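Step one of this worksheet: look at the structure below.
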Amino acid sequence: MDSKFKMILSDIDAVIKRDPATNSRLEALLCSAGLWAIISYRGCNWLWRHNLKLLARTLAQIMRFFTGVEIHPAARIGKNFCIDHGMGVVIGETAEIGDNVTLYQGVTLGGVCAFDENGKITNKRHPTLGNNVTVGAGAQILGPITIEDNVKVGANAVVIKNVSANQTVIGVPAHPCIKNKKSSPDFVAYGICATDDDPIKCKIDQLENEIKKLRTAHNIKKQ
């Protein structure tokens, strides 16, 4: 139980570290619906692992009503977990989340039916997120795929394939935009960093390069 208390403290401190609007543990406890959902999950997960599954599911549904966050008690979530704003977040039954992960509002770690070589449905239906992963607002990560360490998922991206470490992925379907020079679990607004490594700026630069190539090719043909 002492280790569970320490984990909850780490979740509280993660909110303070990653949300500039939160200045103290008391403020985090009183004002962060995402934190309420995480603390509730920790208790429901304990009940689930001790075979009190119906009680765990019932309490999880009650907290879903109050927080707008749905976390299945069977999901596995590491320490220093932060859900910013929270509303609309869904984490499925077989989802696994590493340490120092941040999810913004509207994120879904959703399930799809996966089949083994014999055509039978596998138990693993939801994603696995590594350590130091940031998932932007509205992003959907679907199926039993793996998002490796230090990945940033852009807002509203739809991820349906594995993502290797140190990547930033954006778009529908999501595709790599840049390799992160340095990853940090610190505050990044909605999962998109407005710096030289901004994935939106990266895509605009790529489009401009394509336009230049097309213009060059067109001029050559004209001549």
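If you're wondering about the labels, chains in the structure tokens are A, B, ... by order shown, residues count from 1 in each chain, ligands from 1 in order shown.
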Please provide the set of residues having any atom within 12 Å of Val172 of chain A, restricted to only C-alpha atoms, with same-chain residues fewer than 4 positions apart removed, written as a PDB file with N, CA and C atoms, in the first residue's frame.
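Below is the file around-v4.pdb, written as the result:
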ATOM      1  N   GLY A 138      -7.117  14.905 -28.923  1.00  0.00           N
ATOM      2  CA  GLY A 138      -7.940  14.302 -29.965  1.00  0.00           C
ATOM      3  C   GLY A 138      -7.299  13.159 -30.719  1.00  0.00           C
ATOM      4  N   ALA A 139      -6.092  12.783 -30.373  1.00  0.00           N
ATOM      5  CA  ALA A 139      -5.416  11.694 -31.088  1.00  0.00           C
ATOM      6  C   ALA A 139      -6.071  10.351 -30.778  1.00  0.00           C
ATOM      7  N   GLN A 140      -6.062   9.479 -31.772  1.00  0.00           N
ATOM      8  CA  GLN A 140      -6.631   8.139 -31.626  1.00  0.00           C
ATOM      9  C   GLN A 140      -5.522   7.118 -31.897  1.00  0.00           C
ATOM     10  N   ILE A 141      -5.253   6.268 -30.928  1.00  0.00           N
ATOM     11  CA  ILE A 141      -4.260   5.199 -31.089  1.00  0.00           C
ATOM     12  C   ILE A 141      -5.024   3.890 -30.976  1.00  0.00           C
ATOM     13  N   VAL A 153       2.869  12.208 -30.308  1.00  0.00           N
ATOM     14  CA  VAL A 153       1.775  12.007 -31.253  1.00  0.00           C
ATOM     15  C   VAL A 153       1.028  13.327 -31.382  1.00  0.00           C
ATOM     16  N   GLY A 154       0.964  13.859 -32.600  1.00  0.00           N
ATOM     17  CA  GLY A 154       0.345  15.162 -32.822  1.00  0.00           C
ATOM     18  C   GLY A 154      -1.158  15.140 -32.583  1.00  0.00           C
ATOM     19  N   ALA A 155      -1.701  16.326 -32.336  1.00  0.00           N
ATOM     20  CA  ALA A 155      -3.134  16.464 -32.096  1.00  0.00           C
ATOM     21  C   ALA A 155      -3.935  15.931 -33.279  1.00  0.00           C
ATOM     22  N   ASN A 156      -4.990  15.172 -32.962  1.00  0.00           N
ATOM     23  CA  ASN A 156      -5.934  14.609 -33.952  1.00  0.00           C
ATOM     24  C   ASN A 156      -5.323  13.577 -34.889  1.00  0.00           C
ATOM     25  N   ALA A 157      -4.129  13.110 -34.584  1.00  0.00           N
ATOM     26  CA  ALA A 157      -3.539  12.036 -35.389  1.00  0.00           C
ATOM     27  C   ALA A 157      -4.299  10.729 -35.140  1.00  0.00           C
ATOM     28  N   VAL A 158      -4.293   9.850 -36.151  1.00  0.00           N
ATOM     29  CA  VAL A 158      -4.876   8.516 -36.009  1.00  0.00           C
ATOM     30  C   VAL A 158      -3.754   7.505 -36.250  1.00  0.00           C
ATOM     31  N   VAL A 159      -3.344   6.832 -35.182  1.00  0.00           N
ATOM     32  CA  VAL A 159      -2.196   5.925 -35.244  1.00  0.00           C
ATOM     33  C   VAL A 159      -2.700   4.486 -35.299  1.00  0.00           C
ATOM     34  N   ILE A 160      -2.334   3.791 -36.374  1.00  0.00           N
ATOM     35  CA  ILE A 160      -2.784   2.404 -36.540  1.00  0.00           C
ATOM     36  C   ILE A 160      -1.624   1.441 -36.774  1.00  0.00           C
ATOM     37  N   LYS A 161      -0.388   1.978 -36.731  1.00  0.00           N
ATOM     38  CA  LYS A 161       0.799   1.139 -36.911  1.00  0.00           C
ATOM     39  C   LYS A 161       1.799   1.445 -35.804  1.00  0.00           C
ATOM     40  N   PRO A 176       5.489   9.418 -39.604  1.00  0.00           N
ATOM     41  CA  PRO A 176       6.578  10.160 -38.958  1.00  0.00           C
ATOM     42  C   PRO A 176       6.831  11.477 -39.677  1.00  0.00           C
TER      43      PRO A 176
END
Excluding segment 42-58 of chain A and any residue of its chain fewer than 6 positions from it, enumerate the residues within 12 Å of it, using only C-alpha atoms, and give them as a PyMOL selection string.
chain A and resi 1+3-9+11+35-36+64-65+70-79+81+93
Residues from the last selection, C-alpha atoms, saved as a PDB file, in the first residue's frame:
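Listing of out01.pdb after writing:
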ATOM      1  CA  MET A   1       0.000   0.000   0.000  1.00  0.00           C
ATOM      2  CA  SER A   3       4.182   1.882  -2.893  1.00  0.00           C
ATOM      3  CA  LYS A   4       0.672   2.707  -4.163  1.00  0.00           C
ATOM      4  CA  PHE A   5       0.677   5.923  -2.083  1.00  0.00           C
ATOM      5  CA  LYS A   6       4.068   6.890  -3.518  1.00  0.00           C
ATOM      6  CA  MET A   7       2.752   6.272  -7.022  1.00  0.00           C
ATOM      7  CA  ILE A   8      -0.226   8.570  -6.381  1.00  0.00           C
ATOM      8  CA  LEU A   9       2.162  11.254  -5.088  1.00  0.00           C
ATOM      9  CA  ASP A  11       0.991  11.381 -10.308  1.00  0.00           C
ATOM     10  CA  LEU A  35      -5.847  13.540 -11.571  1.00  0.00           C
ATOM     11  CA  TRP A  36      -9.118  12.443  -9.965  1.00  0.00           C
ATOM     12  CA  ARG A  64     -16.323   8.428 -15.575  1.00  0.00           C
ATOM     13  CA  PHE A  65     -19.525  10.375 -14.835  1.00  0.00           C
ATOM     14  CA  GLU A  70     -12.925   6.402 -18.897  1.00  0.00           C
ATOM     15  CA  ILE A  71     -10.126   4.088 -17.752  1.00  0.00           C
ATOM     16  CA  HIS A  72     -10.750   0.368 -17.627  1.00  0.00           C
ATOM     17  CA  PRO A  73      -9.552  -1.033 -14.273  1.00  0.00           C
ATOM     18  CA  ALA A  74      -7.590  -3.780 -16.033  1.00  0.00           C
ATOM     19  CA  ALA A  75      -5.365  -1.325 -17.942  1.00  0.00           C
ATOM     20  CA  ARG A  76      -1.721  -1.156 -16.839  1.00  0.00           C
ATOM     21  CA  ILE A  77      -0.389   2.342 -16.180  1.00  0.00           C
ATOM     22  CA  GLY A  78       3.075   3.330 -14.916  1.00  0.00           C
ATOM     23  CA  LYS A  79       4.134   6.126 -12.602  1.00  0.00           C
ATOM     24  CA  PHE A  81       1.075   9.644 -15.413  1.00  0.00           C
ATOM     25  CA  GLU A  93      -8.931  -2.857 -21.015  1.00  0.00           C
TER      26      GLU A  93
END
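Taking atom CA of Arg125 of chain A and atom CA of Ile91 of chain A as the two end points, the separation is 11.4 Å.
Straight-line separation from atom CA of Ser32 of chain A to atom CA of Asp99 of chain A: 19.4 Å.
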Have a look at atom CA of Gly171 of chain A and atom CA of Leu103 of chain A and let me know their distance in Å, one decimal.
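Between these atoms lies a distance of 17.2 Å.
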Looking at only C-alpha atoms, which of A:Met63, A:Val133, A:Asn100, A:Ile145 is the one that sits closest to Gln167 of chain A?
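Selected residue with least distance to Gln167 of chain A: A:Val133.
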Report as a VMD selection string all protein, DNA and RNA residues lying within 7 Å of Thr134 of chain A, evaluated on only C-alpha atoms, omitting residues in the same chain fewer than 3 positions from it.
chain A and resid 101 to 103 151 to 153 191
Compare A:Gly92, A:Gly106, A:Pro20, A:Gly98 by their minimum atom-to-atom distance to His126 of chain A, counting only C-alpha atoms, and give me the closest one.
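Smallest distance to His126 of chain A is found for A:Gly92.
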Nearest candidate to Ile83 of chain A (options A:Val15, A:Ala28, A:Ile97, A:Ala217; using only C-alpha atoms):
A:Val15
Near Pro144 of chain A, within 8 Å and counting only C-alpha atoms, which residues show up once chain neighbours fewer than 6 positions away are dropped, as number ranges by chain?
A: 111-112, 114, 124-128
All strand (DSSP E) residues (DSSP, backbone) inside chain A, as a PDB file with N, CA and C atoms, in the first residue's frame:
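Okay, this is what ended up in part-v2.pdb:
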ATOM      1  N   GLU A  70     -12.601   7.826 -19.064  1.00  0.00           N
ATOM      2  CA  GLU A  70     -12.925   6.402 -18.897  1.00  0.00           C
ATOM      3  C   GLU A  70     -11.648   5.571 -18.956  1.00  0.00           C
ATOM      4  N   ILE A  71     -11.300   4.972 -17.831  1.00  0.00           N
ATOM      5  CA  ILE A  71     -10.126   4.088 -17.752  1.00  0.00           C
ATOM      6  C   ILE A  71     -10.593   2.726 -17.264  1.00  0.00           C
ATOM      7  N   ARG A  76      -2.960  -1.245 -17.631  1.00  0.00           N
ATOM      8  CA  ARG A  76      -1.721  -1.156 -16.839  1.00  0.00           C
ATOM      9  C   ARG A  76      -1.070   0.203 -17.101  1.00  0.00           C
ATOM     10  N   ILE A  77      -0.892   0.980 -16.042  1.00  0.00           N
ATOM     11  CA  ILE A  77      -0.389   2.342 -16.180  1.00  0.00           C
ATOM     12  C   ILE A  77       0.762   2.557 -15.214  1.00  0.00           C
ATOM     13  N   CYS A  82       0.058  11.607 -16.406  1.00  0.00           N
ATOM     14  CA  CYS A  82      -0.667  12.877 -16.372  1.00  0.00           C
ATOM     15  C   CYS A  82      -1.711  12.916 -17.485  1.00  0.00           C
ATOM     16  N   ILE A  83      -2.953  13.233 -17.101  1.00  0.00           N
ATOM     17  CA  ILE A  83      -4.013  13.487 -18.079  1.00  0.00           C
ATOM     18  C   ILE A  83      -4.382  14.959 -17.942  1.00  0.00           C
ATOM     19  N   VAL A  90     -10.243   8.038 -23.281  1.00  0.00           N
ATOM     20  CA  VAL A  90     -10.674   6.646 -23.131  1.00  0.00           C
ATOM     21  C   VAL A  90      -9.447   5.743 -23.166  1.00  0.00           C
ATOM     22  N   ILE A  91      -9.296   4.894 -22.163  1.00  0.00           N
ATOM     23  CA  ILE A  91      -8.178   3.943 -22.087  1.00  0.00           C
ATOM     24  C   ILE A  91      -8.780   2.553 -21.919  1.00  0.00           C
ATOM     25  N   GLU A  96      -1.579  -0.661 -22.203  1.00  0.00           N
ATOM     26  CA  GLU A  96      -0.436  -0.612 -21.294  1.00  0.00           C
ATOM     27  C   GLU A  96       0.283   0.714 -21.510  1.00  0.00           C
ATOM     28  N   ILE A  97       0.586   1.404 -20.418  1.00  0.00           N
ATOM     29  CA  ILE A  97       1.197   2.726 -20.479  1.00  0.00           C
ATOM     30  C   ILE A  97       2.419   2.736 -19.583  1.00  0.00           C
ATOM     31  N   THR A 102       2.058  11.554 -20.914  1.00  0.00           N
ATOM     32  CA  THR A 102       1.067  12.618 -20.845  1.00  0.00           C
ATOM     33  C   THR A 102       0.033  12.437 -21.943  1.00  0.00           C
ATOM     34  N   LEU A 103      -1.242  12.457 -21.569  1.00  0.00           N
ATOM     35  CA  LEU A 103      -2.343  12.428 -22.529  1.00  0.00           C
ATOM     36  C   LEU A 103      -3.130  13.724 -22.392  1.00  0.00           C
ATOM     37  N   THR A 108      -7.924   8.678 -27.362  1.00  0.00           N
ATOM     38  CA  THR A 108      -8.471   7.324 -27.240  1.00  0.00           C
ATOM     39  C   THR A 108      -7.362   6.301 -27.432  1.00  0.00           C
ATOM     40  N   LEU A 109      -7.193   5.433 -26.465  1.00  0.00           N
ATOM     41  CA  LEU A 109      -6.362   4.238 -26.634  1.00  0.00           C
ATOM     42  C   LEU A 109      -7.348   3.097 -26.841  1.00  0.00           C
ATOM     43  N   GLY A 110      -7.749   2.936 -28.096  1.00  0.00           N
ATOM     44  CA  GLY A 110      -8.888   2.086 -28.414  1.00  0.00           C
ATOM     45  C   GLY A 110      -8.515   0.694 -28.872  1.00  0.00           C
ATOM     46  N   THR A 128       0.061  -0.324 -26.639  1.00  0.00           N
ATOM     47  CA  THR A 128       1.082  -0.263 -25.599  1.00  0.00           C
ATOM     48  C   THR A 128       1.919   0.990 -25.822  1.00  0.00           C
ATOM     49  N   LEU A 129       1.989   1.861 -24.813  1.00  0.00           N
ATOM     50  CA  LEU A 129       2.785   3.080 -24.886  1.00  0.00           C
ATOM     51  C   LEU A 129       4.017   2.925 -24.019  1.00  0.00           C
ATOM     52  N   THR A 134       4.120  11.535 -25.294  1.00  0.00           N
ATOM     53  CA  THR A 134       3.135  12.615 -25.218  1.00  0.00           C
ATOM     54  C   THR A 134       2.129  12.428 -26.343  1.00  0.00           C
ATOM     55  N   VAL A 135       0.847  12.414 -26.002  1.00  0.00           N
ATOM     56  CA  VAL A 135      -0.210  12.215 -26.997  1.00  0.00           C
ATOM     57  C   VAL A 135      -1.083  13.463 -27.028  1.00  0.00           C
ATOM     58  N   GLN A 140      -6.062   9.479 -31.772  1.00  0.00           N
ATOM     59  CA  GLN A 140      -6.631   8.139 -31.626  1.00  0.00           C
ATOM     60  C   GLN A 140      -5.522   7.118 -31.897  1.00  0.00           C
ATOM     61  N   ILE A 141      -5.253   6.268 -30.928  1.00  0.00           N
ATOM     62  CA  ILE A 141      -4.260   5.199 -31.089  1.00  0.00           C
ATOM     63  C   ILE A 141      -5.024   3.890 -30.976  1.00  0.00           C
ATOM     64  N   LEU A 142      -5.064   3.136 -32.065  1.00  0.00           N
ATOM     65  CA  LEU A 142      -6.021   2.037 -32.175  1.00  0.00           C
ATOM     66  C   LEU A 142      -5.349   0.693 -32.410  1.00  0.00           C
ATOM     67  N   THR A 146       2.393  -0.849 -30.808  1.00  0.00           N
ATOM     68  CA  THR A 146       3.359  -0.380 -29.811  1.00  0.00           C
ATOM     69  C   THR A 146       3.872   0.998 -30.182  1.00  0.00           C
ATOM     70  N   ILE A 147       3.754   1.926 -29.253  1.00  0.00           N
ATOM     71  CA  ILE A 147       4.328   3.265 -29.388  1.00  0.00           C
ATOM     72  C   ILE A 147       5.548   3.281 -28.472  1.00  0.00           C
ATOM     73  N   LYS A 152       6.187  11.513 -29.695  1.00  0.00           N
ATOM     74  CA  LYS A 152       5.151  12.538 -29.594  1.00  0.00           C
ATOM     75  C   LYS A 152       4.126  12.275 -30.688  1.00  0.00           C
ATOM     76  N   VAL A 153       2.869  12.208 -30.308  1.00  0.00           N
ATOM     77  CA  VAL A 153       1.775  12.007 -31.253  1.00  0.00           C
ATOM     78  C   VAL A 153       1.028  13.327 -31.382  1.00  0.00           C
ATOM     79  N   VAL A 158      -4.293   9.850 -36.151  1.00  0.00           N
ATOM     80  CA  VAL A 158      -4.876   8.516 -36.009  1.00  0.00           C
ATOM     81  C   VAL A 158      -3.754   7.505 -36.250  1.00  0.00           C
ATOM     82  N   VAL A 159      -3.344   6.832 -35.182  1.00  0.00           N
ATOM     83  CA  VAL A 159      -2.196   5.925 -35.244  1.00  0.00           C
ATOM     84  C   VAL A 159      -2.700   4.486 -35.299  1.00  0.00           C
ATOM     85  N   GLN A 167      10.282   9.412 -32.304  1.00  0.00           N
ATOM     86  CA  GLN A 167       9.614   9.943 -33.488  1.00  0.00           C
ATOM     87  C   GLN A 167       8.513  10.921 -33.083  1.00  0.00           C
ATOM     88  N   THR A 168       8.208  11.850 -33.995  1.00  0.00           N
ATOM     89  CA  THR A 168       6.988  12.644 -33.895  1.00  0.00           C
ATOM     90  C   THR A 168       6.100  12.222 -35.051  1.00  0.00           C
ATOM     91  N   VAL A 169       4.858  11.823 -34.764  1.00  0.00           N
ATOM     92  CA  VAL A 169       3.946  11.388 -35.825  1.00  0.00           C
ATOM     93  C   VAL A 169       2.735  12.305 -35.863  1.00  0.00           C
ATOM     94  N   ILE A 170       2.261  12.573 -37.070  1.00  0.00           N
ATOM     95  CA  ILE A 170       1.108  13.443 -37.263  1.00  0.00           C
ATOM     96  C   ILE A 170       0.259  12.886 -38.399  1.00  0.00           C
ATOM     97  N   HIS A 175       1.877   9.419 -39.631  1.00  0.00           N
ATOM     98  CA  HIS A 175       3.152   9.076 -40.251  1.00  0.00           C
ATOM     99  C   HIS A 175       4.242   9.918 -39.604  1.00  0.00           C
ATOM    100  N   PRO A 176       5.489   9.418 -39.604  1.00  0.00           N
ATOM    101  CA  PRO A 176       6.578  10.160 -38.958  1.00  0.00           C
ATOM    102  C   PRO A 176       6.831  11.477 -39.677  1.00  0.00           C
ATOM    103  N   CYS A 177       7.076  12.503 -38.880  1.00  0.00           N
ATOM    104  CA  CYS A 177       7.418  13.807 -39.440  1.00  0.00           C
ATOM    105  C   CYS A 177       8.869  14.138 -39.152  1.00  0.00           C
ATOM    106  N   ILE A 178       9.270  14.036 -37.900  1.00  0.00           N
ATOM    107  CA  ILE A 178      10.648  14.325 -37.529  1.00  0.00           C
ATOM    108  C   ILE A 178      11.098  13.329 -36.481  1.00  0.00           C
ATOM    109  N   LYS A 179      12.412  13.233 -36.325  1.00  0.00           N
ATOM    110  CA  LYS A 179      12.975  12.495 -35.219  1.00  0.00           C
ATOM    111  C   LYS A 179      13.279  13.482 -34.119  1.00  0.00           C
TER     112      LYS A 179
END
Nearest to Glu148 of chain A among A:Ala174, A:Ile16, A:Ala165, A:Ala21, with distances taken over only C-alpha atoms: which residue is it?
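Among the listed residues, A:Ala165 lies closest to Glu148 of chain A.
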Between A:Ser40, A:Gly34, A:Ala60, A:Asn123, which is the closest to Gln105 of chain A once you count only C-alpha atoms?
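Using only C-alpha atoms, Gln105 of chain A sits closest to A:Gly34.
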